[in-house]
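Below: input_15.tsv (TSV, C-alpha atoms and all ligand atoms)
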```tsv
chain	number	residue	atom	x	y	z
A	1	MET	CA	16.99	-9.64	-5.23
A	2	PHE	CA	18.61	-6.55	-6.85
A	3	SER	CA	20.30	-5.28	-3.70
A	4	ASP	CA	20.03	-5.24	0.08
A	5	ARG	CA	18.28	-1.88	0.11
A	6	PHE	CA	15.73	-3.11	-2.42
A	7	ASP	CA	14.97	-6.11	-0.20
A	8	GLN	CA	14.75	-3.79	2.82
A	9	LEU	CA	12.24	-1.60	1.00
A	10	VAL	CA	10.11	-4.62	0.07
A	11	GLN	CA	10.27	-5.79	3.68
A	12	ALA	CA	9.38	-2.34	5.03
A	13	LEU	CA	6.36	-2.05	2.70
A	14	ARG	CA	4.94	-5.25	4.17
A	15	ILE	CA	3.98	-3.45	7.38
A	16	LEU	CA	1.16	-1.80	5.40
A	17	PRO	CA	-2.20	-3.47	6.01
A	18	SER	CA	-3.11	-6.12	3.41
A	19	VAL	CA	0.18	-5.83	1.52
A	20	GLY	CA	1.68	-9.27	0.88
A	21	PRO	CA	5.13	-10.13	-0.56
A	22	LYS	CA	3.97	-9.86	-4.19
A	23	SER	CA	2.32	-6.45	-3.78
A	24	ALA	CA	5.26	-5.18	-1.74
A	25	GLN	CA	7.63	-6.12	-4.56
A	26	ARG	CA	5.35	-4.50	-7.14
A	27	MET	CA	5.16	-1.34	-5.02
A	28	ALA	CA	8.95	-1.20	-4.56
A	29	LEU	CA	9.55	-1.57	-8.31
A	30	HIS	CA	6.91	1.03	-9.09
A	31	LEU	CA	8.50	3.54	-6.69
A	32	ILE	CA	12.08	2.96	-7.84
A	33	MET	CA	11.32	2.79	-11.56
A	34	LYS	CA	8.48	5.27	-11.96
A	35	ASN	CA	8.09	7.57	-8.98
A	36	ARG	CA	11.22	8.38	-6.99
A	37	GLU	CA	9.89	11.84	-6.28
A	38	GLY	CA	6.73	10.30	-4.81
A	39	ALA	CA	8.85	7.83	-2.82
A	40	ASN	CA	10.83	10.69	-1.30
A	41	ALA	CA	7.64	12.61	-0.54
A	42	LEU	CA	6.24	9.50	1.16
A	43	SER	CA	9.45	9.10	3.17
A	44	VAL	CA	9.18	12.67	4.44
A	45	ALA	CA	5.43	12.38	5.11
A	46	LEU	CA	5.97	9.24	7.18
A	47	SER	CA	8.75	10.68	9.27
A	48	GLU	CA	6.88	13.95	9.85
A	49	ALA	CA	3.65	12.16	10.71
A	50	THR	CA	5.31	9.97	13.33
A	51	SER	CA	7.18	12.97	14.77
A	52	TYR	CA	4.30	15.42	14.96
A	53	ILE	CA	1.02	13.53	15.21
A	54	HIS	CA	-0.04	12.34	18.65
A	55	GLN	CA	-3.14	11.90	20.76
A	56	CYS	CA	-5.25	14.85	21.87
A	57	GLN	CA	-4.80	15.39	25.62
A	58	ILE	CA	-8.54	15.71	26.08
A	59	CYS	CA	-10.29	13.29	23.70
A	60	ASN	CA	-7.46	10.89	22.65
A	61	SER	CA	-8.11	11.56	18.95
A	62	LEU	CA	-5.17	12.55	16.73
A	63	THR	CA	-3.70	16.04	16.49
A	64	GLU	CA	-0.41	17.91	16.01
A	65	ASP	CA	-1.23	20.24	18.91
A	66	GLU	CA	-1.83	19.56	22.60
A	67	VAL	CA	-5.57	19.67	22.09
A	68	CYS	CA	-7.38	18.88	18.83
A	69	GLU	CA	-9.50	21.29	16.78
A	70	ILE	CA	-12.74	19.59	17.72
A	71	CYS	CA	-12.02	19.84	21.46
A	72	LEU	CA	-11.03	23.50	21.03
A	73	SER	CA	-14.06	24.42	18.92
A	74	THR	CA	-16.51	26.79	20.56
A	75	GLU	CA	-19.07	26.09	17.85
A	76	ARG	CA	-19.62	22.51	18.91
A	77	ASP	CA	-21.90	21.40	21.73
A	78	SER	CA	-19.72	20.60	24.74
A	79	ALA	CA	-22.68	19.07	26.55
A	80	LEU	CA	-22.87	16.26	23.99
A	81	LEU	CA	-20.12	13.63	23.96
A	82	CYS	CA	-19.72	10.83	21.43
A	83	VAL	CA	-17.69	7.84	22.65
A	84	VAL	CA	-15.93	5.86	19.91
A	85	GLU	CA	-13.33	3.13	19.77
A	86	SER	CA	-10.77	4.73	17.45
A	87	PRO	CA	-9.79	7.92	15.59
A	88	ALA	CA	-10.98	6.20	12.38
A	89	ASP	CA	-14.49	6.28	13.86
A	90	VAL	CA	-14.18	10.04	14.51
A	91	LEU	CA	-13.37	10.47	10.83
A	92	ALA	CA	-16.34	8.33	9.79
A	93	ILE	CA	-18.82	10.22	11.98
A	94	GLU	CA	-17.41	13.63	10.98
A	95	HIS	CA	-17.69	12.57	7.36
A	96	SER	CA	-21.37	11.68	7.88
A	97	GLY	CA	-21.98	15.27	9.07
A	98	SER	CA	-24.48	14.02	11.65
A	99	PHE	CA	-22.83	15.15	14.86
A	100	ARG	CA	-21.92	18.56	16.29
A	101	GLY	CA	-20.75	17.63	19.79
A	102	LYS	CA	-17.37	16.52	21.13
A	103	TYR	CA	-15.67	13.13	21.07
A	104	HIS	CA	-14.01	10.67	23.37
A	105	VAL	CA	-11.78	8.02	21.81
A	106	LEU	CA	-11.37	4.89	23.92
A	107	GLY	CA	-8.57	3.44	21.86
A	108	GLY	CA	-10.17	-0.01	21.76
A	109	HIS	CA	-12.93	-2.05	23.35
A	110	LEU	CA	-13.23	-4.33	26.35
A	111	SER	CA	-11.81	-7.74	25.57
A	112	PRO	CA	-11.13	-9.66	28.80
A	113	LEU	CA	-9.66	-12.65	26.98
A	114	ASP	CA	-6.99	-10.39	25.44
A	115	GLY	CA	-6.33	-8.73	28.79
A	116	VAL	CA	-8.10	-5.51	27.79
A	117	GLY	CA	-10.09	-4.33	30.79
A	118	PRO	CA	-11.55	-0.91	31.74
A	119	GLU	CA	-8.13	0.50	32.70
A	120	GLU	CA	-6.59	-0.41	29.35
A	121	ILE	CA	-9.14	1.65	27.43
A	122	GLY	CA	-9.06	4.52	29.91
A	123	ILE	CA	-12.59	4.14	31.28
A	124	PRO	CA	-11.63	5.70	34.63
A	125	TYR	CA	-10.47	8.81	32.73
A	126	LEU	CA	-13.72	8.89	30.74
A	127	VAL	CA	-15.79	8.63	33.92
A	128	GLN	CA	-13.73	11.47	35.41
A	129	ARG	CA	-14.33	13.49	32.26
A	130	LEU	CA	-18.07	12.85	32.51
A	131	THR	CA	-18.03	13.87	36.16
A	132	ASP	CA	-15.93	17.04	35.79
A	133	GLN	CA	-17.28	18.44	32.57
A	134	GLN	CA	-20.83	19.62	32.02
A	135	ILE	CA	-21.90	16.77	29.80
A	136	LYS	CA	-25.63	16.17	29.43
A	137	GLU	CA	-25.72	13.39	26.91
A	138	VAL	CA	-23.28	10.65	25.96
A	139	ILE	CA	-23.75	8.95	22.60
A	140	LEU	CA	-22.21	5.49	22.72
A	141	ALA	CA	-20.84	4.90	19.22
A	142	THR	CA	-18.63	1.89	19.84
A	143	ASN	CA	-18.69	-0.68	17.04
A	144	ALA	CA	-21.77	-2.89	16.55
A	145	THR	CA	-19.62	-5.93	17.31
A	146	VAL	CA	-19.89	-8.17	20.37
A	147	GLU	CA	-17.01	-6.31	22.05
A	148	GLY	CA	-18.34	-2.90	21.08
A	149	GLN	CA	-21.77	-3.74	22.51
A	150	ALA	CA	-20.24	-5.11	25.70
A	151	THR	CA	-18.16	-1.95	26.06
A	152	ALA	CA	-21.29	0.22	25.62
A	153	HIS	CA	-23.19	-1.78	28.23
A	154	TYR	CA	-20.26	-1.59	30.62
A	155	LEU	CA	-20.18	2.19	30.21
A	156	VAL	CA	-23.89	2.40	31.06
A	157	GLU	CA	-23.29	0.37	34.23
A	158	VAL	CA	-20.30	2.31	35.41
A	159	THR	CA	-21.92	5.73	34.92
A	160	LYS	CA	-25.30	4.86	36.47
A	161	HIS	CA	-24.67	7.30	39.33
A	162	LEU	CA	-24.04	10.26	37.02
A	163	PRO	CA	-26.91	12.62	36.10
A	164	LEU	CA	-26.62	12.28	32.34
A	165	GLN	CA	-28.46	10.70	29.49
A	166	MET	CA	-26.78	7.88	27.61
A	167	THR	CA	-27.80	6.89	24.10
A	168	ARG	CA	-26.58	4.23	21.75
A	169	ILE	CA	-26.35	4.84	17.99
A	170	ALA	CA	-29.32	3.16	16.36
A	171	GLN	CA	-29.85	0.02	14.34
A	172	GLY	CA	-28.92	0.86	10.82
A	173	VAL	CA	-25.32	0.04	11.43
A	174	PRO	CA	-25.26	-3.52	10.09
A	175	GLN	CA	-24.76	-6.28	12.66
A	176	GLY	CA	-21.06	-6.98	13.11
A	177	GLY	CA	-20.16	-3.90	11.09
A	178	GLU	CA	-17.23	-1.66	11.97
A	179	LEU	CA	-18.03	2.08	11.84
A	180	GLU	CA	-15.02	2.87	9.74
A	181	TYR	CA	-16.53	0.97	6.80
A	182	VAL	CA	-20.16	2.09	7.09
A	183	ASP	CA	-21.51	4.54	4.48
A	184	SER	CA	-22.28	8.10	5.61
A	185	HIS	CA	-26.04	7.90	5.11
A	186	THR	CA	-26.42	4.81	7.28
A	187	LEU	CA	-24.21	6.37	9.89
A	188	SER	CA	-26.18	9.61	9.79
A	189	GLN	CA	-29.45	7.66	10.26
A	190	ALA	CA	-27.92	5.72	13.11
A	191	VAL	CA	-26.97	8.89	14.95
A	192	HIS	CA	-30.39	10.42	14.28
A	193	ASN	CA	-32.27	7.35	15.59
A	194	ARG	CA	-30.14	6.82	18.67
A	195	LEU	CA	-31.94	5.07	21.52
A	196	THR	CA	-31.96	6.00	25.19
A	197	MET	CA	-30.09	3.42	27.24
A	198	LYS	CA	-30.45	5.01	30.64
B	1	MET	CA	-8.93	15.58	8.80
B	2	PHE	CA	-6.92	15.33	12.05
B	3	SER	CA	-4.09	17.59	10.91
B	4	ASP	CA	-2.21	18.79	7.84
B	5	ARG	CA	0.51	16.19	8.26
B	6	PHE	CA	-2.08	13.43	8.50
B	7	ASP	CA	-3.64	14.60	5.23
B	8	GLN	CA	-0.18	14.81	3.66
B	9	LEU	CA	0.56	11.23	4.70
B	10	VAL	CA	-2.76	10.00	3.22
B	11	GLN	CA	-1.96	11.92	0.02
B	12	ALA	CA	1.60	10.55	-0.13
B	13	LEU	CA	0.38	6.95	0.31
B	14	ARG	CA	-1.82	7.34	-2.78
B	15	ILE	CA	1.24	7.15	-5.05
B	16	LEU	CA	1.39	3.42	-4.25
B	17	PRO	CA	-0.11	1.29	-7.03
B	18	SER	CA	-3.77	0.37	-6.49
B	19	VAL	CA	-4.12	2.39	-3.27
B	20	GLY	CA	-7.26	4.56	-3.35
B	21	PRO	CA	-8.35	7.24	-0.88
B	22	LYS	CA	-10.03	4.77	1.51
B	23	SER	CA	-7.04	2.40	1.68
B	24	ALA	CA	-4.63	5.31	2.03
B	25	GLN	CA	-6.59	6.59	5.02
B	26	ARG	CA	-6.70	3.12	6.55
B	27	MET	CA	-2.94	2.72	6.02
B	28	ALA	CA	-2.19	6.12	7.58
B	29	LEU	CA	-4.30	5.33	10.65
B	30	HIS	CA	-2.72	1.90	10.97
B	31	LEU	CA	0.79	3.37	10.84
B	32	ILE	CA	0.08	6.22	13.28
B	33	MET	CA	-1.98	4.18	15.74
B	34	LYS	CA	-0.33	0.78	15.61
B	35	ASN	CA	3.10	0.82	14.00
B	36	ARG	CA	5.11	4.03	14.29
B	37	GLU	CA	8.32	2.05	14.41
B	38	GLY	CA	7.38	0.38	11.11
B	39	ALA	CA	6.46	3.76	9.65
B	40	ASN	CA	9.88	5.14	10.54
B	41	ALA	CA	11.59	2.06	9.13
B	42	LEU	CA	9.60	2.51	5.91
B	43	SER	CA	10.57	6.20	5.77
B	44	VAL	CA	14.26	5.30	6.02
B	45	ALA	CA	13.96	2.41	3.54
B	46	LEU	CA	12.30	4.69	0.98
B	47	SER	CA	14.88	7.42	1.28
B	48	GLU	CA	17.81	4.98	1.17
B	49	ALA	CA	16.33	3.11	-1.80
B	50	THR	CA	15.90	6.27	-3.86
B	51	SER	CA	19.41	7.46	-2.91
B	52	TYR	CA	21.32	4.25	-3.54
B	53	ILE	CA	19.45	2.13	-6.09
B	54	HIS	CA	20.01	2.95	-9.76
B	55	GLN	CA	20.33	1.22	-13.11
B	56	CYS	CA	23.19	-1.15	-13.89
B	57	GLN	CA	25.55	0.50	-16.39
B	58	ILE	CA	25.64	-2.65	-18.49
B	59	CYS	CA	22.19	-4.27	-18.41
B	60	ASN	CA	19.90	-1.44	-17.11
B	61	SER	CA	18.59	-3.65	-14.28
B	62	LEU	CA	18.69	-2.30	-10.72
B	63	THR	CA	21.74	-2.27	-8.46
B	64	GLU	CA	23.48	-0.25	-5.75
B	65	ASP	CA	26.84	-0.62	-7.52
B	66	GLU	CA	28.00	0.50	-10.96
B	67	VAL	CA	27.42	-2.95	-12.38
B	68	CYS	CA	24.92	-5.50	-11.04
B	69	GLU	CA	25.76	-8.90	-9.56
B	70	ILE	CA	24.39	-10.77	-12.56
B	71	CYS	CA	26.53	-8.79	-15.02
B	72	LEU	CA	29.59	-9.33	-12.80
B	73	SER	CA	29.01	-13.05	-12.30
B	74	THR	CA	31.57	-15.32	-13.91
B	75	GLU	CA	29.36	-18.33	-13.33
B	76	ARG	CA	26.72	-17.22	-15.79
B	77	ASP	CA	26.89	-17.74	-19.54
B	78	SER	CA	27.93	-14.44	-21.14
B	79	ALA	CA	27.15	-15.78	-24.60
B	80	LEU	CA	23.45	-15.99	-23.76
B	81	LEU	CA	21.46	-12.75	-23.39
B	82	CYS	CA	17.85	-12.46	-22.31
B	83	VAL	CA	16.10	-9.24	-23.38
B	84	VAL	CA	13.23	-8.13	-21.13
B	85	GLU	CA	11.10	-5.01	-20.76
B	86	SER	CA	11.63	-4.26	-17.06
B	87	PRO	CA	13.57	-5.20	-13.91
B	88	ALA	CA	10.36	-6.89	-12.68
B	89	ASP	CA	10.78	-9.36	-15.56
B	90	VAL	CA	14.36	-10.08	-14.46
B	91	LEU	CA	12.99	-10.98	-11.02
B	92	ALA	CA	10.29	-13.21	-12.52
B	93	ILE	CA	12.76	-15.13	-14.73
B	94	GLU	CA	15.33	-15.42	-11.94
B	95	HIS	CA	12.57	-16.71	-9.67
B	96	SER	CA	11.70	-19.38	-12.27
B	97	GLY	CA	15.29	-20.64	-12.07
B	98	SER	CA	15.21	-21.36	-15.82
B	99	PHE	CA	17.98	-19.09	-17.06
B	100	ARG	CA	21.73	-18.89	-16.41
B	101	GLY	CA	22.80	-16.23	-18.92
B	102	LYS	CA	22.90	-12.43	-18.70
B	103	TYR	CA	20.13	-9.86	-19.11
B	104	HIS	CA	19.33	-6.72	-21.01
B	105	VAL	CA	16.51	-4.51	-19.70
B	106	LEU	CA	14.91	-2.29	-22.34
B	107	GLY	CA	12.95	-0.20	-19.88
B	108	GLY	CA	9.76	-0.45	-21.92
B	109	HIS	CA	8.44	-1.50	-25.31
B	110	LEU	CA	7.95	0.18	-28.67
B	111	SER	CA	4.78	2.24	-28.65
B	112	PRO	CA	4.82	4.73	-31.54
B	113	LEU	CA	1.50	6.31	-30.56
B	114	ASP	CA	2.98	7.24	-27.16
B	115	GLY	CA	6.16	8.53	-28.79
B	116	VAL	CA	8.23	5.53	-27.68
B	117	GLY	CA	10.52	4.59	-30.56
B	118	PRO	CA	13.76	2.54	-30.72
B	119	GLU	CA	15.86	5.38	-29.23
B	120	GLU	CA	13.59	5.72	-26.20
B	121	ILE	CA	14.11	2.09	-25.18
B	122	GLY	CA	17.82	2.15	-25.99
B	123	ILE	CA	17.78	-0.23	-28.94
B	124	PRO	CA	20.91	1.36	-30.49
B	125	TYR	CA	22.77	0.57	-27.25
B	126	LEU	CA	21.48	-3.02	-27.28
B	127	VAL	CA	22.60	-3.48	-30.91
B	128	GLN	CA	26.01	-2.11	-29.96
B	129	ARG	CA	26.13	-4.52	-27.01
B	130	LEU	CA	25.29	-7.42	-29.33
B	131	THR	CA	27.98	-6.31	-31.76
B	132	ASP	CA	30.76	-5.72	-29.21
B	133	GLN	CA	30.20	-8.63	-26.85
B	134	GLN	CA	30.53	-12.28	-27.75
B	135	ILE	CA	26.87	-13.11	-27.65
B	136	LYS	CA	25.72	-16.25	-29.44
B	137	GLU	CA	22.04	-16.40	-28.57
B	138	VAL	CA	19.50	-13.73	-27.68
B	139	ILE	CA	16.30	-14.85	-25.97
B	140	LEU	CA	13.56	-12.30	-26.60
B	141	ALA	CA	11.47	-12.27	-23.41
B	142	THR	CA	9.44	-9.12	-23.95
B	143	ASN	CA	5.82	-9.41	-22.83
B	144	ALA	CA	3.31	-11.45	-24.85
B	145	THR	CA	1.34	-8.27	-25.52
B	146	VAL	CA	0.89	-6.54	-28.88
B	147	GLU	CA	3.65	-4.06	-27.99
B	148	GLY	CA	5.95	-6.74	-26.59
B	149	GLN	CA	5.55	-8.81	-29.77
B	150	ALA	CA	6.15	-5.78	-31.99
B	151	THR	CA	9.29	-4.96	-30.00
B	152	ALA	CA	10.57	-8.55	-30.39
B	153	HIS	CA	9.91	-8.50	-34.14
B	154	TYR	CA	11.64	-5.13	-34.48
B	155	LEU	CA	14.70	-6.51	-32.66
B	156	VAL	CA	14.86	-9.45	-35.07
B	157	GLU	CA	14.76	-7.04	-38.03
B	158	VAL	CA	17.38	-4.65	-36.72
B	159	THR	CA	19.89	-7.40	-35.84
B	160	LYS	CA	19.51	-9.42	-39.07
B	161	HIS	CA	23.12	-8.62	-40.06
B	162	LEU	CA	24.59	-9.97	-36.82
B	163	PRO	CA	25.82	-13.60	-36.62
B	164	LEU	CA	23.69	-14.67	-33.65
B	165	GLN	CA	20.70	-16.83	-32.94
B	166	MET	CA	17.50	-15.17	-31.74
B	167	THR	CA	14.77	-17.07	-29.94
B	168	ARG	CA	11.44	-15.99	-28.46
B	169	ILE	CA	10.07	-17.46	-25.20
B	170	ALA	CA	7.24	-19.87	-25.98
B	171	GLN	CA	3.61	-18.88	-25.74
B	172	GLY	CA	1.00	-21.37	-24.66
B	173	VAL	CA	-1.35	-22.55	-21.97
B	174	PRO	CA	0.08	-21.69	-18.52
B	175	GLN	CA	0.99	-24.51	-16.12
B	176	GLY	CA	-2.17	-25.69	-14.37
B	177	GLY	CA	-4.31	-23.68	-16.77
B	178	GLU	CA	-7.69	-25.11	-17.64
B	179	LEU	CA	-8.40	-24.84	-21.34
B	180	GLU	CA	-11.91	-23.64	-20.62
B	181	TYR	CA	-10.54	-20.45	-19.05
B	182	VAL	CA	-7.66	-19.77	-21.45
B	183	ASP	CA	-8.33	-17.00	-23.97
B	184	SER	CA	-8.70	-18.07	-27.59
B	185	HIS	CA	-5.62	-16.25	-28.83
B	186	THR	CA	-3.40	-18.09	-26.33
B	187	LEU	CA	-5.09	-21.37	-27.19
B	188	SER	CA	-4.64	-20.76	-30.88
B	189	GLN	CA	-0.92	-20.05	-30.31
B	190	ALA	CA	-0.63	-23.17	-28.16
B	191	VAL	CA	-2.13	-25.34	-30.89
B	192	HIS	CA	-0.01	-23.72	-33.57
B	193	ASN	CA	3.22	-24.21	-31.56
B	194	ARG	CA	2.39	-27.78	-30.53
B	195	LEU	CA	5.38	-30.04	-29.80
B	196	THR	CA	5.86	-33.58	-31.02
B	197	MET	CA	5.62	-36.02	-28.11
B	198	LYS	CA	6.08	-39.27	-29.97
A	201	ZN	ZN	-9.53	16.35	21.22
A	202	ZN	ZN	23.69	-5.60	-14.93
```

I'd like the structure from this file rewritten - as structure tokens, please.
Ligand SMILES: [Zn+2]
Ligand SMILES: [Zn+2]
Amino acid sequence: MFSDRFDQLVQALRILPSVGPKSAQRMALHLIMKNREGANALSVALSEATSYIHQCQICNSLTEDEVCEICLSTERDSALLCVVESPADVLAIEHSGSFRGKYHVLGGHLSPLDGVGPEEIGIPYLVQRLTDQQIKEVILATNATVEGQATAHYLVEVTKHLPLQMTRIAQGVPQGGELEYVDSHTLSQAVHNRLTMK
Amino acid sequence: MFSDRFDQLVQALRILPSVGPKSAQRMALHLIMKNREGANALSVALSEATSYIHQCQICNSLTEDEVCEICLSTERDSALLCVVESPADVLAIEHSGSFRGKYHVLGGHLSPLDGVGPEEIGIPYLVQRLTDQQIKEVILATNATVEGQATAHYLVEVTKHLPLQMTRIAQGVPQGGELEYVDSHTLSQAVHNRLTMK
């Protein structure tokens, strides 16, 4: 189009979720014509984010330090652990204000057909965490999808020998719904009405 | 949320057109969790684009050189000049493959209420260009909006003394458009500008 670097910018913008060729071109023109300052700020923010943000060594959520603020907090109940699939789910639950324990991020769900077994989502590490730390209750907050349910059931099976209560966030999360997109009230209700699984 | 740099990235992504807080958060998580390489490539592409892409000294379109490829081309008709509002319009017309002359990008349209007069969109420079260069026909391809029309009419007025032909791109029902869904103004224009077929 105008130049190689313009084409490269359009191409680079296409990595953003749900940005097709038309939107990418519109974004590139908008940045170059109307907001170069914003484009430079975005460039810096991207490079800093990829350099400094990584997984928490304890819960696998995101942080710039070794251990995230939630794991470090002494005001949160360390005996209560909420297991989620992704950092986006941590954000959603935090936003609902319904939970004051700690988190464990699996980084996915069991999906044997895609080669994702217990090892791939760090279940051995979670079981070790549940064994070593003084956790009394685990809230299973994996997605209400087939894979999320299967993952929750697998976790119940594999921790049967441990002296802890396991609950599953309640109905209220719509069937097939992904936590990230559920409204805070529904999510808050779901945490409140969690059901004992074991 | 997770960290200051995460929040800064979400904030920086919001400068993109039609990206709200929810999408920005989703984009940031996607980049950090699933495509750091892409995020770094985007960071570089943004910084290179803002450093190297600027306006063509002749036509005001975008280029990395002093003068753009279209202005430099000896295979395009220099006697035919298409006046558009923005570089996006150059892309659209080039993509249509319907034009083999040169361009002039105004960088906007007349909008007296917003303080955009002839000077602000470089009309004196365009008139000088039309006077100095051997241009025989000017195609006015400003948008079919109130402001685009006003700008086209103003250009006709201000170049009355010059010995050149001025044309305006046709308005009518778009290709594949169903009359039922075409607005009445467009339809009225289409009827008024009807072409003899036989
Ligand atoms: Zn943590
Ligand atoms: Zn040019």

Subject >> Atom pair atom CA of Leu81 of chain A / atom CA of Glu64 of chain A: separation (Å) >> reply: 21.7 Å

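Taking all atoms listed in the file into account, ligand ZN 201 (chain A) has within 9 Å the residues Gln55, Cys56, Gln57, Ile58, Cys59, Asn60, Ser61, Leu62, Thr63, Glu66, Val67, Cys68, Glu69, Ile70, Cys71, Leu72, Lys102, Tyr103, His104 and Val105 of chain A.
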
Subject >> Atomic separation - atom CA of Ala45 of chain B relative to atom CA of Ser51 of chain A, Å >> reply: 16.8 Å

**OP:** Please identify all polymer residues within 10 Å of Gln165 of chain B, counting all atoms listed in the file, omitting same-chain residues fewer than 5 positions from it, and present them as a ChimeraX atom specification.
**Re:** /B:80,135-139,156,159-160

Original post:
Quick one, how far is atom CA of Ile93 of chain B from atom CA of Asn143 of chain B?
Top reply: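 It comes out at 12.1 Å.
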
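The environment of Leu29 of chain A within 10 Å, counting all atoms listed in the file and disregarding residues fewer than 2 places along the same chain, consists of Phe6, Leu9, Val10, Ser23, Ala24, Gln25, Arg26, Met27, Leu31, Ile32, Met33, Lys34 and Asn35 of chain A; Leu62, Ser86, Pro87 and Ala88 of chain B.
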
Every residue with an atom at most 10 Å from (-25.3, 9.5, 7.9) (file coordinates; all atoms listed in the file) is what I'm after, so could you write them as a short mmCIF file (atom, residue, chain, number, x, y, z; two decimals) with C-alpha atoms, in the coordinates of the input?
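Written out: selection.cif:
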```cif
data_model
loop_
_atom_site.label_atom_id
_atom_site.label_comp_id
_atom_site.auth_asym_id
_atom_site.auth_seq_id
_atom_site.Cartn_x
_atom_site.Cartn_y
_atom_site.Cartn_z
CA ALA A 92 -16.34 8.33 9.79
CA ILE A 93 -18.82 10.22 11.98
CA GLU A 94 -17.41 13.63 10.98
CA HIS A 95 -17.69 12.57 7.36
CA SER A 96 -21.37 11.68 7.88
CA GLY A 97 -21.98 15.27 9.07
CA SER A 98 -24.48 14.02 11.65
CA PHE A 99 -22.83 15.15 14.86
CA GLY A 172 -28.92 0.86 10.82
CA VAL A 182 -20.16 2.09 7.09
CA ASP A 183 -21.51 4.54 4.48
CA SER A 184 -22.28 8.10 5.61
CA HIS A 185 -26.04 7.90 5.11
CA THR A 186 -26.42 4.81 7.28
CA LEU A 187 -24.21 6.37 9.89
CA SER A 188 -26.18 9.61 9.79
CA GLN A 189 -29.45 7.66 10.26
CA ALA A 190 -27.92 5.72 13.11
CA VAL A 191 -26.97 8.89 14.95
CA HIS A 192 -30.39 10.42 14.28
#
```

**OP:** Please tell me which residues are no farther than 12 Å from (19.0, -2.2, -26.9) in the file, counting all atoms listed in the file, and write them as a PyMOL selection string.
**Re:** chain B and resi 58-60+81-85+103-110+117-131+138+140+151-152+154-156+158-159

**OP:** For each of B:Ala49, B:Ile169, B:Val116, B:Val19, take the minimum atom-to-atom distance to chain A, counting all atoms listed in the file, then give the residue where this is smallest.
**Re:**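 Using all atoms listed in the file, the shortest distance to chain A belongs to B:Ala49.
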
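Taking only C-alpha atoms into account, chain B lies nearest to A:Glu180 out of the set A:Ala150, A:Glu180, A:Met197, A:Thr167.
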
Subject >> Proximity to chain B - best of A:Glu157, A:Asp77, A:Asp114, A:Asp89, only C-alpha atoms >> reply: A:Asp89
